[in-house]
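Colleague: Submitted below is the structure of interest, expressed as structure tokens.
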Amino acid sequence: MPIPANASPIGRRLLRDDVYARLRDAIVDGSLAPGEQLRDGDLAAWLGVSRTPVREALLRLAEAGLVVARPGSSTTVSSLDLRDVRGARDVVAAMHEVAVREAVRSLTEADLEAMRAANREFRAAIEAGDVEAALRADDALHDVPVAVAANRALASVLDQFTPVLRRAERLRFSSLGGRASFARHDELIRLCAAGDADRAAAVAFDTWYTLPTDEPTDPPADMPADEE
């Protein structure tokens, strides 16, 4: 298995979650490709940990649909199943709708400014063609109402299913709607600032639900899909 060469050992704090996050991110960004066999010993050596947290992480990744674990056989990175993408899209859209509805009346001016700053970074990344920066900025924007809502069950569901969508963006989808995404963000922030919880929640839902879930007809570009 080709292990990325630039990994550094993980510290002991929150080891299990750190291992899960590192493996999840490697699958989402394509470092670990669909169909690639995952050997816990190789992964443990790469991350500088024992096999136990790696095995636990692989079980969690299987629950999220990012790996396929066959008892008594190999564990591999799963292929991109568009049915799974559609299911994840529906769940993630619903969770962000709830998060925004719960958060709107508690958002501070500092929270709103954080969302505005993230959207400016998102637009700059779109214009520069920097997919990684665009996705980081997008996460930062949507993480604000999720954090303010402080709904642990909701956050747990998003943690499980959002990577499926991010992986779809990198592996299959183009970004023809990147600038429209910036406008959607702008409208979301405006409605949040106005305290209009219902309309803001509707925009949050539509932002995620409009993620394309069909095979692209053109070669994928290096930008995120129009899901935000």
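Starting from 1 in every chain, residues are counted up; chains themselves are A, B, ... following the order of the structure tokens, and ligands are numbered from 1 as listed.
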Fewer than 3 positions away in the same chain doesn't count, so skip those; otherwise give me all residues within 8 Å of segment 62-67 of chain A, counting only C-alpha atoms, as an mmCIF file with N, CA and C atoms, in the first residue's frame.
Modeller:
```cif
data_model
loop_
_atom_site.group_PDB
_atom_site.id
_atom_site.type_symbol
_atom_site.label_atom_id
_atom_site.label_comp_id
_atom_site.auth_asym_id
_atom_site.auth_seq_id
_atom_site.Cartn_x
_atom_site.Cartn_y
_atom_site.Cartn_z
ATOM 1 N N ARG A 24 -9.618 9.018 7.676
ATOM 2 C CA ARG A 24 -10.768 9.584 6.959
ATOM 3 C C ARG A 24 -10.319 10.623 5.946
ATOM 4 N N ILE A 27 -8.652 9.207 2.876
ATOM 5 C CA ILE A 27 -9.613 8.620 1.932
ATOM 6 C C ILE A 27 -10.344 9.734 1.186
ATOM 7 N N LEU A 58 -10.859 1.852 11.528
ATOM 8 C CA LEU A 58 -11.371 1.170 10.349
ATOM 9 C C LEU A 58 -12.816 0.720 10.541
ATOM 10 N N LEU A 59 -13.171 0.327 11.745
ATOM 11 C CA LEU A 59 -14.561 -0.040 12.025
ATOM 12 C C LEU A 59 -15.472 1.176 11.862
ATOM 13 N N THR A 75 -9.485 -5.515 4.049
ATOM 14 C CA THR A 75 -10.232 -4.269 4.190
ATOM 15 C C THR A 75 -9.747 -3.333 3.098
ATOM 16 N N THR A 76 -10.679 -2.752 2.357
ATOM 17 C CA THR A 76 -10.309 -1.898 1.235
ATOM 18 C C THR A 76 -11.074 -0.581 1.299
ATOM 19 N N VAL A 77 -10.538 0.437 0.646
ATOM 20 C CA VAL A 77 -11.242 1.702 0.478
ATOM 21 C C VAL A 77 -12.428 1.442 -0.455
ATOM 22 N N SER A 78 -13.599 1.895 -0.065
ATOM 23 C CA SER A 78 -14.785 1.632 -0.862
ATOM 24 C C SER A 78 -14.781 2.461 -2.142
ATOM 25 N N ASP A 84 -25.058 6.030 -2.087
ATOM 26 C CA ASP A 84 -24.584 6.458 -0.773
ATOM 27 C C ASP A 84 -24.406 7.979 -0.724
ATOM 28 N N GLN A 160 -20.076 11.874 10.592
ATOM 29 C CA GLN A 160 -20.101 10.590 9.913
ATOM 30 C C GLN A 160 -20.350 10.729 8.417
ATOM 31 N N PHE A 161 -21.250 11.625 8.017
ATOM 32 C CA PHE A 161 -21.709 11.623 6.629
ATOM 33 C C PHE A 161 -21.126 12.728 5.742
ATOM 34 N N VAL A 164 -18.440 11.688 3.131
ATOM 35 C CA VAL A 164 -18.904 11.028 1.912
ATOM 36 C C VAL A 164 -19.113 12.065 0.812
#
```
Colleague: For Ala133 of chain A, list every protein, DNA or RNA residue within 10 Å, evaluated using only C-alpha atoms, and leave out those in the same chain fewer than 5 positions away; present the list as a list in words.
Modeller: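 What passes the distance filter is Glu121, Phe122, Arg123, Ala124, Ala125, Ile126, Ala128, Asp138, Asp139 and Met223 of chain A.
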Colleague: With N, CA, C and O atoms retained, write the just-selected residues as a PDB file, in the first residue's frame.
Modeller:
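Written out: out_2.pdb:
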```pdb
ATOM      1  N   GLU A 121     -12.907  34.072   2.095  1.00  0.00           N
ATOM      2  CA  GLU A 121     -11.843  33.119   1.791  1.00  0.00           C
ATOM      3  C   GLU A 121     -12.325  32.091   0.769  1.00  0.00           C
ATOM      4  O   GLU A 121     -11.562  31.682  -0.119  1.00  0.00           O
ATOM      5  N   PHE A 122     -13.579  31.690   0.885  1.00  0.00           N
ATOM      6  CA  PHE A 122     -14.148  30.751  -0.072  1.00  0.00           C
ATOM      7  C   PHE A 122     -14.130  31.338  -1.483  1.00  0.00           C
ATOM      8  O   PHE A 122     -13.719  30.687  -2.441  1.00  0.00           O
ATOM      9  N   ARG A 123     -14.562  32.598  -1.600  1.00  0.00           N
ATOM     10  CA  ARG A 123     -14.599  33.234  -2.916  1.00  0.00           C
ATOM     11  C   ARG A 123     -13.199  33.368  -3.506  1.00  0.00           C
ATOM     12  O   ARG A 123     -12.987  33.098  -4.706  1.00  0.00           O
ATOM     13  N   ALA A 124     -12.247  33.761  -2.671  1.00  0.00           N
ATOM     14  CA  ALA A 124     -10.869  33.892  -3.153  1.00  0.00           C
ATOM     15  C   ALA A 124     -10.331  32.550  -3.625  1.00  0.00           C
ATOM     16  O   ALA A 124      -9.629  32.465  -4.639  1.00  0.00           O
ATOM     17  N   ALA A 125     -10.661  31.482  -2.909  1.00  0.00           N
ATOM     18  CA  ALA A 125     -10.194  30.157  -3.295  1.00  0.00           C
ATOM     19  C   ALA A 125     -10.844  29.700  -4.595  1.00  0.00           C
ATOM     20  O   ALA A 125     -10.186  29.102  -5.454  1.00  0.00           O
ATOM     21  N   ILE A 126     -12.138  29.991  -4.751  1.00  0.00           N
ATOM     22  CA  ILE A 126     -12.837  29.653  -5.991  1.00  0.00           C
ATOM     23  C   ILE A 126     -12.154  30.348  -7.175  1.00  0.00           C
ATOM     24  O   ILE A 126     -11.882  29.741  -8.213  1.00  0.00           O
ATOM     25  N   ALA A 128      -9.172  31.441  -7.374  1.00  0.00           N
ATOM     26  CA  ALA A 128      -7.799  30.973  -7.563  1.00  0.00           C
ATOM     27  C   ALA A 128      -7.740  29.520  -8.024  1.00  0.00           C
ATOM     28  O   ALA A 128      -6.665  29.016  -8.349  1.00  0.00           O
ATOM     29  N   ASP A 138     -15.267  26.631   3.304  1.00  0.00           N
ATOM     30  CA  ASP A 138     -16.660  26.196   3.345  1.00  0.00           C
ATOM     31  C   ASP A 138     -16.973  25.518   4.676  1.00  0.00           C
ATOM     32  O   ASP A 138     -18.006  25.782   5.305  1.00  0.00           O
ATOM     33  N   ASP A 139     -16.082  24.630   5.108  1.00  0.00           N
ATOM     34  CA  ASP A 139     -16.267  23.982   6.407  1.00  0.00           C
ATOM     35  C   ASP A 139     -16.304  25.014   7.531  1.00  0.00           C
ATOM     36  O   ASP A 139     -17.133  24.928   8.448  1.00  0.00           O
ATOM     37  N   MET A 223     -12.228  22.034  -8.679  1.00  0.00           N
ATOM     38  CA  MET A 223     -12.968  22.886  -7.770  1.00  0.00           C
ATOM     39  C   MET A 223     -14.129  22.144  -7.152  1.00  0.00           C
ATOM     40  O   MET A 223     -14.594  21.153  -7.700  1.00  0.00           O
TER      41      MET A 223
END
```
Colleague: Could you pull the residues within 9 Å of segment 21-23 of chain A, counting only C-alpha atoms, minus those fewer than 2 positions along the same chain, as a PyMOL selection string?
Modeller: chain A and resi 16-19+25-28+32+43+47+54+57-58+61
Colleague: Counting only C-alpha atoms, which residue out of A:Val91, A:Val68, A:Leu165, A:Leu107 sits closest to Leu191 of chain A?
Modeller: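 Smallest distance to Leu191 of chain A is found for A:Leu107.
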Colleague: Please determine, counting only C-alpha atoms, which residue among A:Gly35, A:Gly129, A:Gly72, A:Pro145 has the shortest atom-to-atom distance to Leu188 of chain A.
Modeller: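 Residue with the minimum atom-to-atom distance to Leu188 of chain A: A:Pro145.
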Colleague: As a PyMOL selection string, list the residues of segment 53-201 of chain A assigned to strand (DSSP E) by DSSP on the backbone atoms of this structure.
Modeller: chain A and resi 67-69+75-77
Colleague: Determine which residues of chain A receive a DSSP assignment of alpha helix (DSSP H), computed from the backbone, and state them as a PyMOL selection string.
Modeller: chain A and resi 15-28+40-47+51-63+82-103+109-128+131-149+152-171+178-194+197-209
Colleague: Residues of the last selection are to be written out with C-alpha atoms, as a compact mmCIF listing (two decimals), in the first residue's frame.
Modeller:
```txt
# COMPACT_ATOMS: atom_id res chain seq x y z
CA LEU A 15 -5.41 9.08 19.93
CA ARG A 16 -8.41 7.13 18.72
CA ASP A 17 -10.13 10.19 17.24
CA ASP A 18 -6.89 11.46 15.70
CA VAL A 19 -6.26 8.15 13.95
CA TYR A 20 -9.80 8.11 12.64
CA ALA A 21 -9.53 11.69 11.36
CA ARG A 22 -6.19 11.06 9.62
CA LEU A 23 -7.46 7.95 7.83
CA ARG A 24 -10.77 9.58 6.96
CA ASP A 25 -9.01 12.60 5.47
CA ALA A 26 -6.63 10.40 3.48
CA ILE A 27 -9.61 8.62 1.93
CA VAL A 28 -11.53 11.83 1.29
CA ASP A 40 -3.58 -2.26 9.81
CA GLY A 41 0.14 -2.89 10.32
CA ASP A 42 1.11 -0.59 7.46
CA LEU A 43 -1.29 2.10 8.64
CA ALA A 44 -0.05 1.82 12.23
CA ALA A 45 3.56 2.25 11.07
CA TRP A 46 2.60 5.26 8.94
CA LEU A 47 0.82 6.98 11.80
CA ARG A 51 -2.69 -1.46 15.64
CA THR A 52 -5.55 -1.12 18.14
CA PRO A 53 -6.61 2.49 17.34
CA VAL A 54 -6.18 1.73 13.63
CA ARG A 55 -8.56 -1.22 13.86
CA GLU A 56 -11.06 0.89 15.79
CA ALA A 57 -10.81 3.64 13.17
CA LEU A 58 -11.37 1.17 10.35
CA LEU A 59 -14.56 -0.04 12.03
CA ARG A 60 -15.83 3.54 12.22
CA LEU A 61 -14.89 4.16 8.61
CA ALA A 62 -16.81 1.05 7.60
CA GLU A 63 -19.88 2.38 9.40
CA LEU A 82 -23.79 7.43 -5.91
CA ARG A 83 -26.66 5.98 -3.90
CA ASP A 84 -24.58 6.46 -0.77
CA VAL A 85 -23.75 10.00 -1.89
CA ARG A 86 -27.43 10.84 -2.34
CA GLY A 87 -28.28 9.37 1.05
CA ALA A 88 -25.48 11.30 2.74
CA ARG A 89 -26.53 14.49 0.94
CA ASP A 90 -30.08 14.18 2.22
CA VAL A 91 -28.96 13.59 5.80
CA VAL A 92 -26.34 16.36 5.79
CA ALA A 93 -28.78 18.87 4.27
CA ALA A 94 -31.34 18.07 6.95
CA MET A 95 -28.78 18.38 9.75
CA HIS A 96 -27.57 21.79 8.56
CA GLU A 97 -31.16 22.95 8.31
CA VAL A 98 -31.71 21.99 11.95
CA ALA A 99 -28.39 23.51 13.04
CA VAL A 100 -29.15 26.89 11.48
CA ARG A 101 -32.70 26.98 12.82
CA GLU A 102 -31.42 26.24 16.33
CA ALA A 103 -28.48 28.64 16.10
CA GLU A 109 -21.81 39.56 15.76
CA ALA A 110 -18.48 37.78 16.14
CA ASP A 111 -20.08 34.57 14.84
CA LEU A 112 -21.53 36.39 11.83
CA GLU A 113 -18.21 38.05 11.08
CA ALA A 114 -16.51 34.66 11.23
CA MET A 115 -18.99 33.42 8.61
CA ARG A 116 -18.38 36.50 6.43
CA ALA A 117 -14.63 36.05 6.66
CA ALA A 118 -14.92 32.38 5.73
CA ASN A 119 -17.06 33.30 2.72
CA ARG A 120 -14.49 35.83 1.55
CA GLU A 121 -11.84 33.12 1.79
CA PHE A 122 -14.15 30.75 -0.07
CA ARG A 123 -14.60 33.23 -2.92
CA ALA A 124 -10.87 33.89 -3.15
CA ALA A 125 -10.19 30.16 -3.30
CA ILE A 126 -12.84 29.65 -5.99
CA GLU A 127 -11.29 32.41 -8.10
CA ALA A 128 -7.80 30.97 -7.56
CA VAL A 131 -10.11 23.29 -4.13
CA GLU A 132 -8.53 22.51 -0.75
CA ALA A 133 -8.71 26.11 0.43
CA ALA A 134 -12.29 26.42 -0.83
CA LEU A 135 -13.38 23.35 1.10
CA ARG A 136 -11.60 24.49 4.27
CA ALA A 137 -13.33 27.86 4.05
CA ASP A 138 -16.66 26.20 3.35
CA ASP A 139 -16.27 23.98 6.41
CA ALA A 140 -15.33 26.99 8.53
CA LEU A 141 -18.47 28.86 7.46
CA HIS A 142 -20.91 26.02 8.09
CA ASP A 143 -19.17 25.00 11.31
CA VAL A 144 -20.21 28.27 12.96
CA PRO A 145 -23.97 27.56 13.28
CA VAL A 146 -23.24 23.90 14.02
CA ALA A 147 -21.02 24.93 16.94
CA VAL A 148 -23.50 27.54 18.19
CA ALA A 149 -26.38 25.05 18.04
CA ARG A 152 -24.00 16.82 19.98
CA ALA A 153 -26.19 14.28 18.18
CA LEU A 154 -26.38 16.53 15.13
CA ALA A 155 -22.62 17.10 15.13
CA SER A 156 -22.01 13.36 15.36
CA VAL A 157 -24.20 12.67 12.33
CA LEU A 158 -22.43 15.37 10.31
CA ASP A 159 -19.04 13.96 11.30
CA GLN A 160 -20.10 10.59 9.91
CA PHE A 161 -21.71 11.62 6.63
CA THR A 162 -20.05 14.87 5.48
CA PRO A 163 -16.85 13.05 4.41
CA VAL A 164 -18.90 11.03 1.91
CA LEU A 165 -19.90 14.28 0.18
CA ARG A 166 -16.41 15.76 0.32
CA ARG A 167 -15.02 12.60 -1.23
CA ALA A 168 -17.57 12.78 -4.03
CA GLU A 169 -16.48 16.33 -4.79
CA ARG A 170 -12.85 15.40 -5.15
CA LEU A 171 -13.34 12.16 -7.05
CA GLY A 178 -18.69 27.77 -7.37
CA ARG A 179 -19.65 31.42 -7.71
CA ALA A 180 -23.31 30.60 -7.12
CA SER A 181 -22.18 28.92 -3.92
CA PHE A 182 -20.67 32.19 -2.74
CA ALA A 183 -24.02 33.92 -3.36
CA ARG A 184 -25.86 31.21 -1.39
CA HIS A 185 -23.48 31.71 1.51
CA ASP A 186 -24.04 35.46 1.36
CA GLU A 187 -27.81 35.00 1.52
CA LEU A 188 -27.48 32.57 4.41
CA ILE A 189 -25.40 35.06 6.38
CA ARG A 190 -27.81 37.91 5.60
CA LEU A 191 -30.80 35.93 6.86
CA CYS A 192 -28.93 34.80 9.96
CA ALA A 193 -28.04 38.43 10.73
CA ALA A 194 -31.70 39.39 10.27
CA ALA A 197 -34.51 31.41 11.35
CA ASP A 198 -36.95 29.69 8.99
CA ARG A 199 -35.66 31.25 5.77
CA ALA A 200 -32.03 30.87 6.85
CA ALA A 201 -32.66 27.20 7.61
CA ALA A 202 -34.26 26.75 4.18
CA VAL A 203 -31.21 28.26 2.48
CA ALA A 204 -28.92 26.02 4.52
CA PHE A 205 -30.89 22.97 3.41
CA ASP A 206 -30.89 23.99 -0.26
CA THR A 207 -27.17 24.78 -0.11
CA TRP A 208 -26.39 21.14 0.60
CA TYR A 209 -29.31 19.50 -1.18
```
Colleague: Quick one, how far is atom CA of Ser79 of chain A from atom CA of Pro34 of chain A?
Modeller: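 Between these atoms lies a distance of 4.9 Å.
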Colleague: Enter the distance from atom CA of Val49 of chain A to atom CA of Pro71 of chain A, in Å, rounded to one decimal.
Modeller: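 Value for the atom CA of Val49 of chain A-atom CA of Pro71 of chain A distance: 22.9 Å.
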Colleague: Between atom CA of Asn151 of chain A and atom CA of Arg105 of chain A, what is the spacing in Å?
Modeller: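 Interatomic distance, atom CA of Arg105 of chain A to atom CA of Asn151 of chain A: 14.7 Å.
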